[in-house]
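Structure data (TSV, C-alpha atoms) from upload.tsv:
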```
chain	number	residue	atom	x	y	z
A	1	MET	CA	0.00	0.00	0.00
A	2	THR	CA	1.29	3.46	-0.90
A	3	PHE	CA	0.05	6.03	1.56
A	4	ASP	CA	-1.20	9.35	0.20
A	5	ILE	CA	0.80	11.61	2.51
A	6	ALA	CA	-0.75	14.75	1.06
A	7	CYS	CA	-4.19	13.59	2.17
A	8	MET	CA	-2.90	13.05	5.70
A	9	LYS	CA	-1.80	16.62	6.21
A	10	GLY	CA	-3.91	18.37	8.81
A	11	VAL	CA	-5.53	15.14	10.03
A	12	ASP	CA	-5.10	14.62	13.77
A	13	THR	CA	-3.45	11.35	14.75
A	14	PRO	CA	-4.24	8.65	15.53
A	15	PHE	CA	-6.65	7.88	12.72
A	16	TYR	CA	-7.68	4.97	10.54
A	17	TYR	CA	-6.59	5.23	6.91
A	18	TYR	CA	-8.83	3.28	4.52
A	19	ASP	CA	-7.67	2.41	1.01
A	20	MET	CA	-11.05	2.27	-0.71
A	21	GLU	CA	-9.57	1.17	-4.02
A	22	LEU	CA	-8.23	-1.95	-2.32
A	23	LEU	CA	-11.57	-2.55	-0.61
A	24	ARG	CA	-13.40	-2.33	-3.94
A	25	SER	CA	-10.87	-4.71	-5.53
A	26	THR	CA	-11.40	-7.15	-2.67
A	27	LEU	CA	-15.17	-7.01	-3.07
A	28	ALA	CA	-14.85	-7.46	-6.84
A	29	GLU	CA	-12.71	-10.58	-6.29
A	30	ILE	CA	-15.36	-12.04	-4.00
A	31	ASN	CA	-18.09	-11.38	-6.55
A	32	ASP	CA	-16.01	-12.86	-9.37
A	33	CYS	CA	-15.45	-16.03	-7.34
A	34	ILE	CA	-19.11	-16.61	-6.47
A	35	ALA	CA	-20.69	-15.53	-9.77
A	36	GLY	CA	-22.92	-18.30	-11.10
A	37	THR	CA	-22.67	-20.35	-7.90
A	38	PRO	CA	-25.15	-20.95	-5.06
A	39	VAL	CA	-22.88	-19.01	-2.67
A	40	HIS	CA	-24.18	-15.93	-0.85
A	41	VAL	CA	-21.81	-13.75	1.20
A	42	HIS	CA	-22.91	-11.70	4.20
A	43	TYR	CA	-20.42	-9.16	5.51
A	44	ALA	CA	-19.75	-9.55	9.26
A	45	ILE	CA	-20.38	-6.02	10.49
A	46	LYS	CA	-18.59	-6.67	13.78
A	47	ALA	CA	-15.32	-6.48	11.83
A	48	ASN	CA	-15.91	-2.83	10.93
A	49	GLY	CA	-19.19	-0.95	11.09
A	50	ASN	CA	-17.91	2.39	9.81
A	51	PRO	CA	-20.72	3.84	7.62
A	52	GLY	CA	-18.25	4.46	4.77
A	53	ILE	CA	-17.22	0.80	4.83
A	54	LEU	CA	-20.83	-0.38	4.99
A	55	LYS	CA	-21.74	1.80	2.02
A	56	ALA	CA	-19.03	0.20	-0.15
A	57	VAL	CA	-19.97	-3.33	0.94
A	58	HIS	CA	-23.66	-2.72	0.30
A	59	GLU	CA	-22.92	-1.27	-3.15
A	60	ALA	CA	-21.02	-4.46	-3.97
A	61	GLY	CA	-24.19	-6.46	-3.33
A	62	LEU	CA	-23.17	-8.42	-0.23
A	63	GLY	CA	-25.59	-9.12	2.60
A	64	ALA	CA	-25.01	-8.36	6.28
A	65	ASP	CA	-24.17	-10.61	9.22
A	66	CYS	CA	-25.13	-8.96	12.51
A	67	VAL	CA	-24.56	-9.82	16.17
A	68	SER	CA	-26.55	-7.06	17.86
A	69	GLY	CA	-29.60	-4.91	17.40
A	70	GLY	CA	-27.30	-1.96	16.80
A	71	GLU	CA	-25.70	-3.77	13.88
A	72	ILE	CA	-29.12	-4.63	12.44
A	73	SER	CA	-30.05	-0.94	12.56
A	74	ALA	CA	-26.71	0.06	10.99
A	75	ALA	CA	-27.20	-2.45	8.17
A	76	LEU	CA	-30.70	-1.21	7.41
A	77	GLU	CA	-29.59	2.44	7.55
A	78	ALA	CA	-26.77	1.62	5.11
A	79	GLY	CA	-29.32	0.27	2.65
A	80	PHE	CA	-28.89	-3.50	3.02
A	81	PRO	CA	-32.18	-5.22	2.12
A	82	ALA	CA	-33.73	-6.67	5.27
A	83	THR	CA	-33.91	-10.11	3.67
A	84	SER	CA	-30.10	-10.09	3.27
A	85	VAL	CA	-29.57	-9.40	6.98
A	86	PHE	CA	-28.83	-12.43	9.14
A	87	TYR	CA	-28.68	-12.16	12.94
A	88	ALA	CA	-26.41	-14.30	15.12
A	89	GLY	CA	-25.23	-14.04	18.72
A	90	VAL	CA	-25.58	-16.05	21.91
A	91	GLY	CA	-27.35	-13.33	23.91
A	92	LYS	CA	-30.13	-11.81	21.82
A	93	THR	CA	-32.42	-9.66	23.97
A	94	ASP	CA	-36.20	-9.67	23.55
A	95	GLU	CA	-35.99	-6.12	22.16
A	96	GLU	CA	-33.39	-7.14	19.58
A	97	ILE	CA	-35.45	-10.15	18.53
A	98	LYS	CA	-38.52	-7.94	18.10
A	99	LEU	CA	-36.46	-5.45	16.07
A	100	GLY	CA	-35.35	-8.21	13.70
A	101	ILE	CA	-38.85	-9.63	13.32
A	102	GLU	CA	-40.42	-6.21	12.70
A	103	ALA	CA	-37.75	-5.40	10.10
A	104	GLY	CA	-38.34	-8.70	8.32
A	105	ILE	CA	-34.71	-9.83	8.38
A	106	GLY	CA	-33.75	-12.90	6.39
A	107	CYS	CA	-32.75	-15.25	9.17
A	108	PHE	CA	-32.09	-15.62	12.89
A	109	ASN	CA	-29.12	-17.90	13.58
A	110	VAL	CA	-30.30	-19.52	16.80
A	111	GLU	CA	-27.68	-20.55	19.35
A	112	SER	CA	-29.67	-22.73	21.78
A	113	VAL	CA	-32.91	-24.57	22.39
A	114	GLU	CA	-33.70	-21.98	25.05
A	115	GLU	CA	-33.33	-19.14	22.53
A	116	LEU	CA	-35.47	-21.03	20.02
A	117	GLU	CA	-38.28	-21.19	22.57
A	118	VAL	CA	-38.05	-17.45	23.25
A	119	ILE	CA	-38.11	-16.56	19.54
A	120	SER	CA	-41.07	-18.88	19.01
A	121	SER	CA	-42.93	-17.21	21.88
A	122	ILE	CA	-42.19	-13.67	20.64
A	123	GLY	CA	-43.16	-14.71	17.12
A	124	ALA	CA	-46.51	-15.93	18.47
A	125	GLU	CA	-47.08	-12.63	20.31
A	126	MET	CA	-46.36	-10.68	17.11
A	127	GLY	CA	-48.31	-13.02	14.86
A	128	LYS	CA	-45.23	-13.82	12.79
A	129	LYS	CA	-43.50	-16.95	11.53
A	130	VAL	CA	-39.80	-16.35	12.08
A	131	PRO	CA	-37.09	-17.69	9.70
A	132	VAL	CA	-34.48	-19.58	11.70
A	133	ALA	CA	-31.24	-21.47	11.13
A	134	LEU	CA	-29.96	-23.56	14.02
A	135	ARG	CA	-26.34	-22.87	14.88
A	136	VAL	CA	-24.55	-26.15	15.42
A	137	ASN	CA	-21.39	-26.55	17.45
A	138	PRO	CA	-19.57	-29.12	15.27
A	139	ASN	CA	-16.67	-29.71	17.73
A	140	ILE	CA	-14.00	-28.90	15.13
A	141	ASP	CA	-10.60	-27.51	16.08
A	142	ALA	CA	-9.85	-24.61	13.72
A	143	HIS	CA	-6.22	-24.39	14.93
A	144	THR	CA	-6.51	-20.72	15.80
A	145	HIS	CA	-6.11	-18.58	18.94
A	146	GLU	CA	-8.15	-19.77	21.92
A	147	TYR	CA	-9.93	-16.40	22.15
A	148	ILE	CA	-11.27	-16.62	18.59
A	149	THR	CA	-12.10	-20.31	18.28
A	150	THR	CA	-15.84	-20.96	18.40
A	151	GLY	CA	-16.49	-24.51	17.19
A	152	LEU	CA	-15.37	-26.66	20.12
A	153	GLU	CA	-17.65	-28.25	22.72
A	154	GLU	CA	-16.03	-26.11	25.41
A	155	ASN	CA	-17.05	-22.87	23.63
A	156	LYS	CA	-20.26	-21.00	24.46
A	157	PHE	CA	-21.46	-20.95	20.87
A	158	GLY	CA	-24.03	-23.12	19.16
A	159	ILE	CA	-26.10	-26.20	19.90
A	160	ASP	CA	-24.24	-29.34	20.95
A	161	LEU	CA	-24.53	-32.14	18.41
A	162	ARG	CA	-26.17	-34.32	21.07
A	163	ARG	CA	-29.04	-31.82	21.42
A	164	LEU	CA	-29.47	-31.03	17.75
A	165	ASP	CA	-32.20	-33.60	17.02
A	166	ASP	CA	-34.28	-32.19	19.86
A	167	ALA	CA	-33.76	-28.64	18.62
A	168	VAL	CA	-34.74	-29.54	15.06
A	169	ASP	CA	-37.81	-31.37	16.31
A	170	LYS	CA	-38.92	-28.34	18.35
A	171	ALA	CA	-38.34	-26.00	15.41
A	172	VAL	CA	-40.28	-28.15	12.97
A	173	LYS	CA	-43.23	-28.47	15.37
A	174	SER	CA	-43.43	-24.77	16.26
A	175	PRO	CA	-46.11	-22.93	14.24
A	176	ASN	CA	-44.11	-19.69	14.61
A	177	ILE	CA	-40.75	-21.02	13.40
A	178	ASP	CA	-39.72	-21.46	9.78
A	179	LEU	CA	-36.66	-23.73	9.94
A	180	VAL	CA	-34.68	-22.67	6.86
A	181	GLY	CA	-31.19	-23.93	7.60
A	182	LEU	CA	-28.22	-24.95	9.68
A	183	HIS	CA	-25.52	-22.51	10.74
A	184	PHE	CA	-21.90	-23.11	11.68
A	185	HIS	CA	-18.87	-21.00	12.59
A	186	ILE	CA	-15.67	-22.67	13.74
A	187	GLY	CA	-13.39	-19.72	14.44
A	188	SER	CA	-11.49	-16.79	12.99
A	189	GLN	CA	-8.17	-16.06	11.27
A	190	ILE	CA	-8.07	-19.54	9.70
A	191	THR	CA	-5.28	-19.53	7.12
A	192	ILE	CA	-5.53	-23.10	5.79
A	193	ASN	CA	-8.53	-24.67	4.10
A	194	GLU	CA	-8.36	-28.01	5.90
A	195	PRO	CA	-10.70	-26.96	8.77
A	196	PHE	CA	-13.27	-25.79	6.23
A	197	ALA	CA	-13.02	-29.12	4.38
A	198	ILE	CA	-13.58	-30.96	7.67
A	199	LEU	CA	-16.58	-28.73	8.35
A	200	CYS	CA	-18.05	-29.61	4.94
A	201	ALA	CA	-17.77	-33.31	5.73
A	202	ARG	CA	-19.49	-32.77	9.09
A	203	ILE	CA	-22.28	-30.81	7.40
A	204	ASN	CA	-22.77	-33.55	4.81
A	205	ASP	CA	-23.19	-36.12	7.58
A	206	LEU	CA	-25.76	-33.97	9.34
A	207	THR	CA	-27.79	-33.15	6.23
A	208	ALA	CA	-27.84	-36.84	5.27
A	209	HIS	CA	-29.03	-37.70	8.79
A	210	PHE	CA	-31.93	-35.25	8.63
A	211	ARG	CA	-32.74	-36.11	5.02
A	212	GLU	CA	-33.52	-39.63	6.21
A	213	LYS	CA	-36.08	-38.01	8.52
A	214	GLY	CA	-37.60	-36.08	5.63
A	215	ILE	CA	-36.05	-32.74	6.61
A	216	GLU	CA	-34.20	-30.61	4.06
A	217	PHE	CA	-32.45	-27.32	4.75
A	218	LYS	CA	-32.47	-24.60	2.10
A	219	ILE	CA	-29.55	-22.75	3.71
A	220	LEU	CA	-26.23	-24.22	4.75
A	221	ASN	CA	-24.44	-21.35	6.50
A	222	VAL	CA	-20.75	-22.14	7.03
A	223	GLY	CA	-20.01	-18.91	8.90
A	224	GLY	CA	-16.77	-17.04	8.30
A	225	GLY	CA	-13.25	-17.34	9.60
A	226	LEU	CA	-11.08	-16.92	6.50
A	227	GLY	CA	-7.81	-15.31	7.62
A	228	ILE	CA	-5.44	-12.77	6.11
A	229	ASP	CA	-1.67	-12.29	5.90
A	230	TYR	CA	-0.76	-9.97	8.77
A	231	ASN	CA	2.97	-10.49	8.25
A	232	ASP	CA	3.19	-9.47	4.59
A	233	PRO	CA	0.16	-7.42	3.55
A	234	GLU	CA	1.92	-6.10	0.46
A	235	ALA	CA	2.46	-9.59	-0.94
A	236	ASN	CA	-1.08	-10.72	-0.12
A	237	PRO	CA	-3.43	-7.73	-0.07
A	238	ILE	CA	-6.40	-9.94	-1.05
A	239	PRO	CA	-7.01	-13.34	0.61
A	240	ASP	CA	-7.28	-16.59	-1.34
A	241	PHE	CA	-11.02	-16.39	-1.90
A	242	LYS	CA	-10.83	-18.77	-4.86
A	243	GLY	CA	-9.32	-21.55	-2.74
A	244	TYR	CA	-11.81	-20.90	0.07
A	245	PHE	CA	-14.92	-20.93	-2.11
A	246	ASN	CA	-13.67	-23.93	-4.11
A	247	THR	CA	-13.25	-25.84	-0.84
A	248	LEU	CA	-16.89	-25.16	0.02
A	249	LEU	CA	-18.27	-25.84	-3.45
A	250	SER	CA	-16.35	-29.09	-3.87
A	251	GLY	CA	-16.85	-30.23	-0.27
A	252	LEU	CA	-20.56	-29.69	0.28
A	253	LYS	CA	-23.03	-32.12	-1.27
A	254	LEU	CA	-25.87	-29.83	-2.24
A	255	THR	CA	-29.34	-30.82	-3.32
A	256	GLU	CA	-31.48	-28.91	-5.81
A	257	GLY	CA	-32.13	-25.37	-4.58
A	258	GLN	CA	-29.78	-25.48	-1.61
A	259	GLU	CA	-27.67	-22.40	-0.92
A	260	ILE	CA	-24.28	-21.89	0.73
A	261	HIS	CA	-24.07	-18.81	2.92
A	262	CYS	CA	-20.83	-17.32	4.28
A	263	GLU	CA	-20.13	-14.59	6.81
A	264	LEU	CA	-16.82	-12.99	5.89
A	265	GLY	CA	-15.57	-10.00	7.86
A	266	ARG	CA	-11.84	-9.81	8.43
A	267	ALA	CA	-11.07	-11.15	4.96
A	268	VAL	CA	-13.09	-8.32	3.41
A	269	VAL	CA	-11.79	-5.26	5.25
A	270	ALA	CA	-8.61	-6.01	7.22
A	271	GLN	CA	-6.06	-5.20	4.54
A	272	CYS	CA	-7.65	-1.96	3.40
A	273	GLY	CA	-7.20	-0.30	6.78
A	274	SER	CA	-4.14	0.98	8.66
A	275	LEU	CA	-3.91	2.83	11.96
A	276	ILE	CA	-1.77	5.93	11.46
A	277	SER	CA	0.05	7.25	14.51
A	278	LYS	CA	2.69	9.83	15.33
A	279	VAL	CA	5.92	9.26	17.24
A	280	LEU	CA	5.77	11.14	20.53
A	281	TYR	CA	9.11	10.09	21.97
A	282	VAL	CA	12.07	7.85	21.25
A	283	LYS	CA	13.00	6.78	24.75
A	284	GLU	CA	16.39	5.29	25.58
A	285	GLY	CA	15.85	2.40	27.98
A	286	VAL	CA	18.28	-0.05	29.52
A	287	GLY	CA	19.48	-2.11	26.60
A	288	ARG	CA	16.56	-1.14	24.33
A	289	LYS	CA	14.77	1.77	22.72
A	290	PHE	CA	11.10	2.50	23.18
A	291	LEU	CA	9.15	4.05	20.34
A	292	ILE	CA	6.24	5.77	22.09
A	293	LEU	CA	3.27	6.46	19.80
A	294	ASP	CA	0.19	8.61	20.26
A	295	ALA	CA	-1.94	5.54	19.39
A	296	GLY	CA	-2.66	3.07	22.15
A	297	MET	CA	-4.49	-0.11	22.97
A	298	ASN	CA	-7.75	1.86	23.14
A	299	ASP	CA	-7.30	2.61	19.40
A	300	LEU	CA	-6.18	-0.90	18.39
A	301	LEU	CA	-6.96	-3.54	21.00
A	302	ARG	CA	-5.97	-6.76	19.24
A	303	PRO	CA	-2.30	-6.85	20.36
A	304	ALA	CA	-3.22	-6.31	24.01
A	305	LEU	CA	-6.27	-8.59	23.89
A	306	TYR	CA	-4.68	-11.71	22.45
A	307	GLY	CA	-1.11	-10.99	21.45
A	308	ALA	CA	-1.89	-10.20	17.82
A	309	HIS	CA	0.79	-8.54	15.73
A	310	HIS	CA	0.35	-5.92	13.02
A	311	LYS	CA	3.17	-5.07	10.65
A	312	ILE	CA	4.71	-1.77	11.69
A	313	GLU	CA	5.88	0.62	8.98
A	314	VAL	CA	7.34	4.09	8.89
A	315	VAL	CA	5.19	6.10	6.51
A	316	SER	CA	7.89	8.49	5.35
A	317	PRO	CA	11.37	7.74	6.76
A	318	GLU	CA	13.92	10.52	6.29
A	319	ASP	CA	16.70	8.02	5.81
A	320	ALA	CA	15.42	4.70	4.53
A	321	GLY	CA	18.92	3.22	4.64
A	322	SER	CA	19.27	3.61	8.41
A	323	MET	CA	17.61	0.91	10.52
A	324	ASP	CA	17.05	0.56	14.24
A	325	VAL	CA	15.34	-1.77	16.70
A	326	TYR	CA	12.53	-0.59	18.96
A	327	ASP	CA	9.84	-1.75	21.32
A	328	VAL	CA	6.80	0.02	19.88
A	329	VAL	CA	4.36	1.03	22.61
A	330	GLY	CA	1.42	3.32	23.25
A	331	PRO	CA	0.63	5.93	25.91
A	332	VAL	CA	-2.09	4.03	27.79
A	333	CYS	CA	-1.39	3.26	31.44
A	334	GLU	CA	-1.23	-0.51	30.98
A	335	SER	CA	1.83	-2.72	30.55
A	336	SER	CA	-0.05	-4.57	27.81
A	337	ASP	CA	-0.15	-1.43	25.67
A	338	VAL	CA	2.51	-2.80	23.33
A	339	PHE	CA	2.31	-3.12	19.54
A	340	GLY	CA	5.59	-4.92	18.99
A	341	LYS	CA	8.91	-5.78	20.59
A	342	ASP	CA	12.31	-5.81	18.89
A	343	GLU	CA	10.83	-4.27	15.76
A	344	LYS	CA	13.47	-3.57	13.11
A	345	ILE	CA	12.32	-0.54	11.14
A	346	PRO	CA	13.88	2.57	9.59
A	347	THR	CA	15.25	5.01	12.14
A	348	VAL	CA	12.56	7.42	13.31
A	349	ARG	CA	12.40	10.73	15.11
A	350	ARG	CA	9.79	12.56	17.13
A	351	GLY	CA	6.91	13.58	14.86
A	352	ASP	CA	7.39	10.83	12.27
A	353	MET	CA	4.32	8.91	11.12
A	354	ILE	CA	3.91	5.20	11.78
A	355	ALA	CA	1.41	2.82	10.17
A	356	LEU	CA	0.05	-0.26	11.90
A	357	ARG	CA	-1.02	-2.32	8.91
A	358	SER	CA	-3.92	-4.75	8.34
A	359	ALA	CA	-6.05	-2.93	10.92
A	360	GLY	CA	-9.25	-2.56	8.93
A	361	ALA	CA	-10.90	-5.39	10.87
A	362	TYR	CA	-11.45	-5.27	14.63
A	363	GLY	CA	-9.53	-1.98	14.84
A	364	GLU	CA	-11.95	0.90	14.74
A	365	SER	CA	-14.84	-1.38	15.73
A	366	MET	CA	-13.15	-2.32	19.03
A	367	ALA	CA	-11.78	1.13	19.84
A	368	SER	CA	-12.73	2.71	23.15
A	369	GLU	CA	-12.29	5.87	25.20
A	370	TYR	CA	-10.24	4.13	27.89
A	371	ASN	CA	-8.11	6.62	29.87
A	372	MET	CA	-10.69	9.15	28.61
A	373	ARG	CA	-8.86	9.30	25.29
A	374	LYS	CA	-10.69	10.42	22.16
A	375	LEU	CA	-11.80	7.81	19.66
A	376	PRO	CA	-9.57	7.67	16.56
A	377	GLY	CA	-10.74	9.45	13.45
A	378	CYS	CA	-10.79	8.05	9.92
A	379	LEU	CA	-9.66	9.02	6.44
A	380	PHE	CA	-10.98	7.47	3.23
A	381	VAL	CA	-8.62	7.55	0.25
A	382	GLY	CA	-9.18	6.30	-3.28
```
Please, can you express the file's structure as structure tokens?
Amino acid sequence: MTFDIACMKGVDTPFYYYDMELLRSTLAEINDCIAGTPVHVHYAIKANGNPGILKAVHEAGLGADCVSGGEISAALEAGFPATSVFYAGVGKTDEEIKLGIEAGIGCFNVESVEELEVISSIGAEMGKKVPVALRVNPNIDAHTHEYITTGLEENKFGIDLRRLDDAVDKAVKSPNIDLVGLHFHIGSQITINEPFAILCARINDLTAHFREKGIEFKILNVGGGLGIDYNDPEANPIPDFKGYFNTLLSGLKLTEGQEIHCELGRAVVAQCGSLISKVLYVKEGVGRKFLILDAGMNDLLRPALYGAHHKIEVVSPEDAGSMDVYDVVGPVCESSDVFGKDEKIPTVRRGDMIALRSAGAYGESMASEYNMRKLPGCLFVG
């Protein structure tokens, strides 16, 4: 990514820099891969709900995957058709359920038998038949960080396989439930296709099991989870969507009229965004140098939350031939406010600009006002 330094002038740091040309190229690649197939992609708004991002995603024709009533409202305000909005989440409130039903959203991804009963009851009160997909916990290890794995028995997400028959039976018998599909999500930042292939095999077994009982599902929702290259965003600015979609299309045994639904978030927006920060101080420590930025963990939480690493670049080094090693840290009063240790980058001085790359997903959306700091701004370029 080449940063437009002229556009940055006068913009207060820290701020999120969005390369909209790259985002549009990413969306075009997704659409090229799924053209003529039964695949439907819903953008996971939790990755980045910035209205400018949502506008571009909506214009590309993707649906929306939501995990709160606020995200449902944001999707509708951005112009997403209600029928393309799917709603997941383990803790849907009665008010959020009513919001989704009133809006006529396409599907509720139901996480438990208990939730199914509540939705059925609210549907009865409102005189509505509610479209539902049952989220199944397939007990698949996605080989990712423990904080972002979701498909193991020990996780809070989804219906255990041993309770699935009971849940399906309740859904089929409820006059206020329209059972349209099964839903899965095994984790995030998955960089190999093997876990998705295993998921396809598990789905095939389940659909065959229910087919014997005379039950067909129109929607097979495989969730999201496709990862990106945080280490070398220049070499891989767009994920391997072709390999991912081919794994699903070749792995799932579809019947006539069945649809594959995906919920991609990080893979759509991560590479288009960078957090731009200014060097406040270069502090000489004992045996190391600290590069103290004006961006902190409140602006980009992922490193502090689960040890994630974003490539650190100097936006405009004065002397690109001179290199140095720094611990790159923020100003927040927490020892975990660290973006990288022993980072070898061009020598910097106070006032230089630093980019934390691949921050378009779970950057701005997780930002907070901790330490009573202002939320980061944003700049759209391209």
(-33.2, -29.6, 17.6) in this file's frame - what residues fall within 12 Å of it? Use only C-alpha atoms and give the answer as a JSON list (two decimals) with C-alpha atoms, in the frame of the given file.
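Produced file point36.json, reproduced below:
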```json
[["chain", "number", "residue", "atom", "x", "y", "z"],
["A", 110, "VAL", "CA", -30.30, -19.52, 16.80],
["A", 111, "GLU", "CA", -27.68, -20.55, 19.35],
["A", 112, "SER", "CA", -29.67, -22.73, 21.78],
["A", 113, "VAL", "CA", -32.91, -24.57, 22.39],
["A", 114, "GLU", "CA", -33.70, -21.98, 25.05],
["A", 115, "GLU", "CA", -33.33, -19.14, 22.53],
["A", 116, "LEU", "CA", -35.47, -21.03, 20.02],
["A", 117, "GLU", "CA", -38.28, -21.19, 22.57],
["A", 132, "VAL", "CA", -34.48, -19.58, 11.70],
["A", 133, "ALA", "CA", -31.24, -21.47, 11.13],
["A", 134, "LEU", "CA", -29.96, -23.56, 14.02],
["A", 135, "ARG", "CA", -26.34, -22.87, 14.88],
["A", 136, "VAL", "CA", -24.55, -26.15, 15.42],
["A", 158, "GLY", "CA", -24.03, -23.12, 19.16],
["A", 159, "ILE", "CA", -26.10, -26.20, 19.90],
["A", 160, "ASP", "CA", -24.24, -29.34, 20.95],
["A", 161, "LEU", "CA", -24.53, -32.14, 18.41],
["A", 162, "ARG", "CA", -26.17, -34.32, 21.07],
["A", 163, "ARG", "CA", -29.04, -31.82, 21.42],
["A", 164, "LEU", "CA", -29.47, -31.03, 17.75],
["A", 165, "ASP", "CA", -32.20, -33.60, 17.02],
["A", 166, "ASP", "CA", -34.28, -32.19, 19.86],
["A", 167, "ALA", "CA", -33.76, -28.64, 18.62],
["A", 168, "VAL", "CA", -34.74, -29.54, 15.06],
["A", 169, "ASP", "CA", -37.81, -31.37, 16.31],
["A", 170, "LYS", "CA", -38.92, -28.34, 18.35],
["A", 171, "ALA", "CA", -38.34, -26.00, 15.41],
["A", 172, "VAL", "CA", -40.28, -28.15, 12.97],
["A", 173, "LYS", "CA", -43.23, -28.47, 15.37],
["A", 174, "SER", "CA", -43.43, -24.77, 16.26],
["A", 179, "LEU", "CA", -36.66, -23.73, 9.94],
["A", 181, "GLY", "CA", -31.19, -23.93, 7.60],
["A", 182, "LEU", "CA", -28.22, -24.95, 9.68],
["A", 206, "LEU", "CA", -25.76, -33.97, 9.34],
["A", 210, "PHE", "CA", -31.93, -35.25, 8.63],
["A", 215, "ILE", "CA", -36.05, -32.74, 6.61]]
```
Pick from A:Glu95, A:Glu29, A:Glu21, A:Asp352, whichever lies nearest to Ala56 in chain A using only C-alpha atoms: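 Answer, going by the shortest atom-to-atom distance: A:Glu21.
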Counting only C-alpha atoms, the option among A:Tyr244, A:Phe80, A:Phe108, A:Tyr87 closest to Lys129 in chain A: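 Using only C-alpha atoms, the shortest distance to Lys129 in chain A belongs to A:Phe108.
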Residue with smallest distance to Ile105 in chain A - pool A:Gly321, A:Gly69, A:Pro376, A:Gly360, counting only C-alpha atoms: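 Of A:Gly321, A:Gly69, A:Pro376, A:Gly360, the one nearest Ile105 in chain A is A:Gly69, counting only C-alpha atoms.
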For Tyr17 in chain A, the nearest of the candidates A:Gly89, A:Thr2, A:Ala304, A:Gly265, counting all atoms listed in the file: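 Under the stated criterion, the closest residue is A:Thr2.
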Minimum-distance residue to Pro131 in chain A, chosen among A:Lys311, A:His42, A:Lys92, A:Lys218 (using all atoms listed in the file): A:Lys218
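Distances to Tyr43 in chain A were evaluated for A:Leu248, A:Cys262, A:Ile354, A:Ile312 using all atoms listed in the file, and the minimum falls at A:Cys262.
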Please put the answer as lines of an AutoDock Vina configuration file: centre and edge lengths, in Å with one decimal, of a box along x, y and z that encloses all listed atoms of range 109-125 of chain A plus 5 Å on each side.
```
center_x = -37.4
center_y = -18.6
center_z = 19.3
size_x = 29.4
size_y = 21.9
size_z = 21.5
```
Expected answer as a PyMOL selection string: all residues with atoms within 12 Å of (-18.4, -10.1, 14.3), only C-alpha atoms: chain A and resi 42-49+64-68+71+86-89+148+150+185+187-188+223-225+263-267+361-362+365-366
Residue neighbourhood Glu59 in chain A, 10 Å, all atoms listed in the file, exclusion window fewer than 3 positions, as a PyMOL selection string: chain A and resi 24+27+54-56+62+78-80
Residues within 10 Å of Gly243 in chain A, all atoms listed in the file, excluding chain neighbours under 3 positions, as a VMD selection string: chain A and resid 33 192 to 193 239 to 240 246 to 249
Between CA of Gly104 in chain A and CA of Ala124 in chain A, distance in Å (one decimal):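 About the pair CA of Gly104 in chain A and CA of Ala124 in chain A: they are 14.9 Å apart.
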Coordinates-based distance that separates CA of Ile238 in chain A from CA of Ile198 in chain A (Å, one decimal):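 Computing the Euclidean distance for CA of Ile198 in chain A and CA of Ile238 in chain A yields 23.9 Å.
Our summary of the geometry notes that CA of Asn137 in chain A is positioned 22.6 Å from CA of Thr255 in chain A.
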Non-local contacts of Leu300 in chain A (8 Å; all atoms listed in the file; under 6 positions in same chain excluded) as a list in words: Leu275, Ala359, Tyr362, Gly363, Glu364, Met366 and Ala367 of chain A
Since the input is missing atoms, can you rebuild N, CA and C atoms for range 40-49 of chain A and write them as a JSON list (two decimals), keeping the file's coordinate frame?
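Writing the result to rebuild_8.json gives the following:
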```
[["chain", "number", "residue", "atom", "x", "y", "z"],
["A", 40, "HIS", "N", -23.76, -17.27, -1.23],
["A", 40, "HIS", "CA", -24.18, -15.93, -0.85],
["A", 40, "HIS", "C", -23.28, -15.46, 0.30],
["A", 41, "VAL", "N", -22.74, -14.26, 0.18],
["A", 41, "VAL", "CA", -21.81, -13.75, 1.20],
["A", 41, "VAL", "C", -22.49, -12.63, 1.98],
["A", 42, "HIS", "N", -22.43, -12.75, 3.30],
["A", 42, "HIS", "CA", -22.91, -11.70, 4.20],
["A", 42, "HIS", "C", -21.69, -11.12, 4.92],
["A", 43, "TYR", "N", -21.55, -9.82, 4.86],
["A", 43, "TYR", "CA", -20.42, -9.16, 5.51],
["A", 43, "TYR", "C", -20.64, -9.09, 7.02],
["A", 44, "ALA", "N", -19.67, -9.56, 7.80],
["A", 44, "ALA", "CA", -19.75, -9.55, 9.26],
["A", 44, "ALA", "C", -19.47, -8.14, 9.76],
["A", 45, "ILE", "N", -20.51, -7.42, 10.12],
["A", 45, "ILE", "CA", -20.38, -6.02, 10.49],
["A", 45, "ILE", "C", -19.50, -5.82, 11.72],
["A", 46, "LYS", "N", -19.42, -6.83, 12.58],
["A", 46, "LYS", "CA", -18.59, -6.67, 13.78],
["A", 46, "LYS", "C", -17.13, -6.38, 13.43],
["A", 47, "ALA", "N", -16.69, -6.75, 12.23],
["A", 47, "ALA", "CA", -15.32, -6.48, 11.83],
["A", 47, "ALA", "C", -15.07, -4.99, 11.68],
["A", 48, "ASN", "N", -16.04, -4.28, 11.11],
["A", 48, "ASN", "CA", -15.91, -2.83, 10.93],
["A", 48, "ASN", "C", -17.26, -2.28, 10.51],
["A", 49, "GLY", "N", -17.87, -1.50, 11.38],
["A", 49, "GLY", "CA", -19.19, -0.95, 11.09],
["A", 49, "GLY", "C", -19.17, 0.50, 10.66]]
```
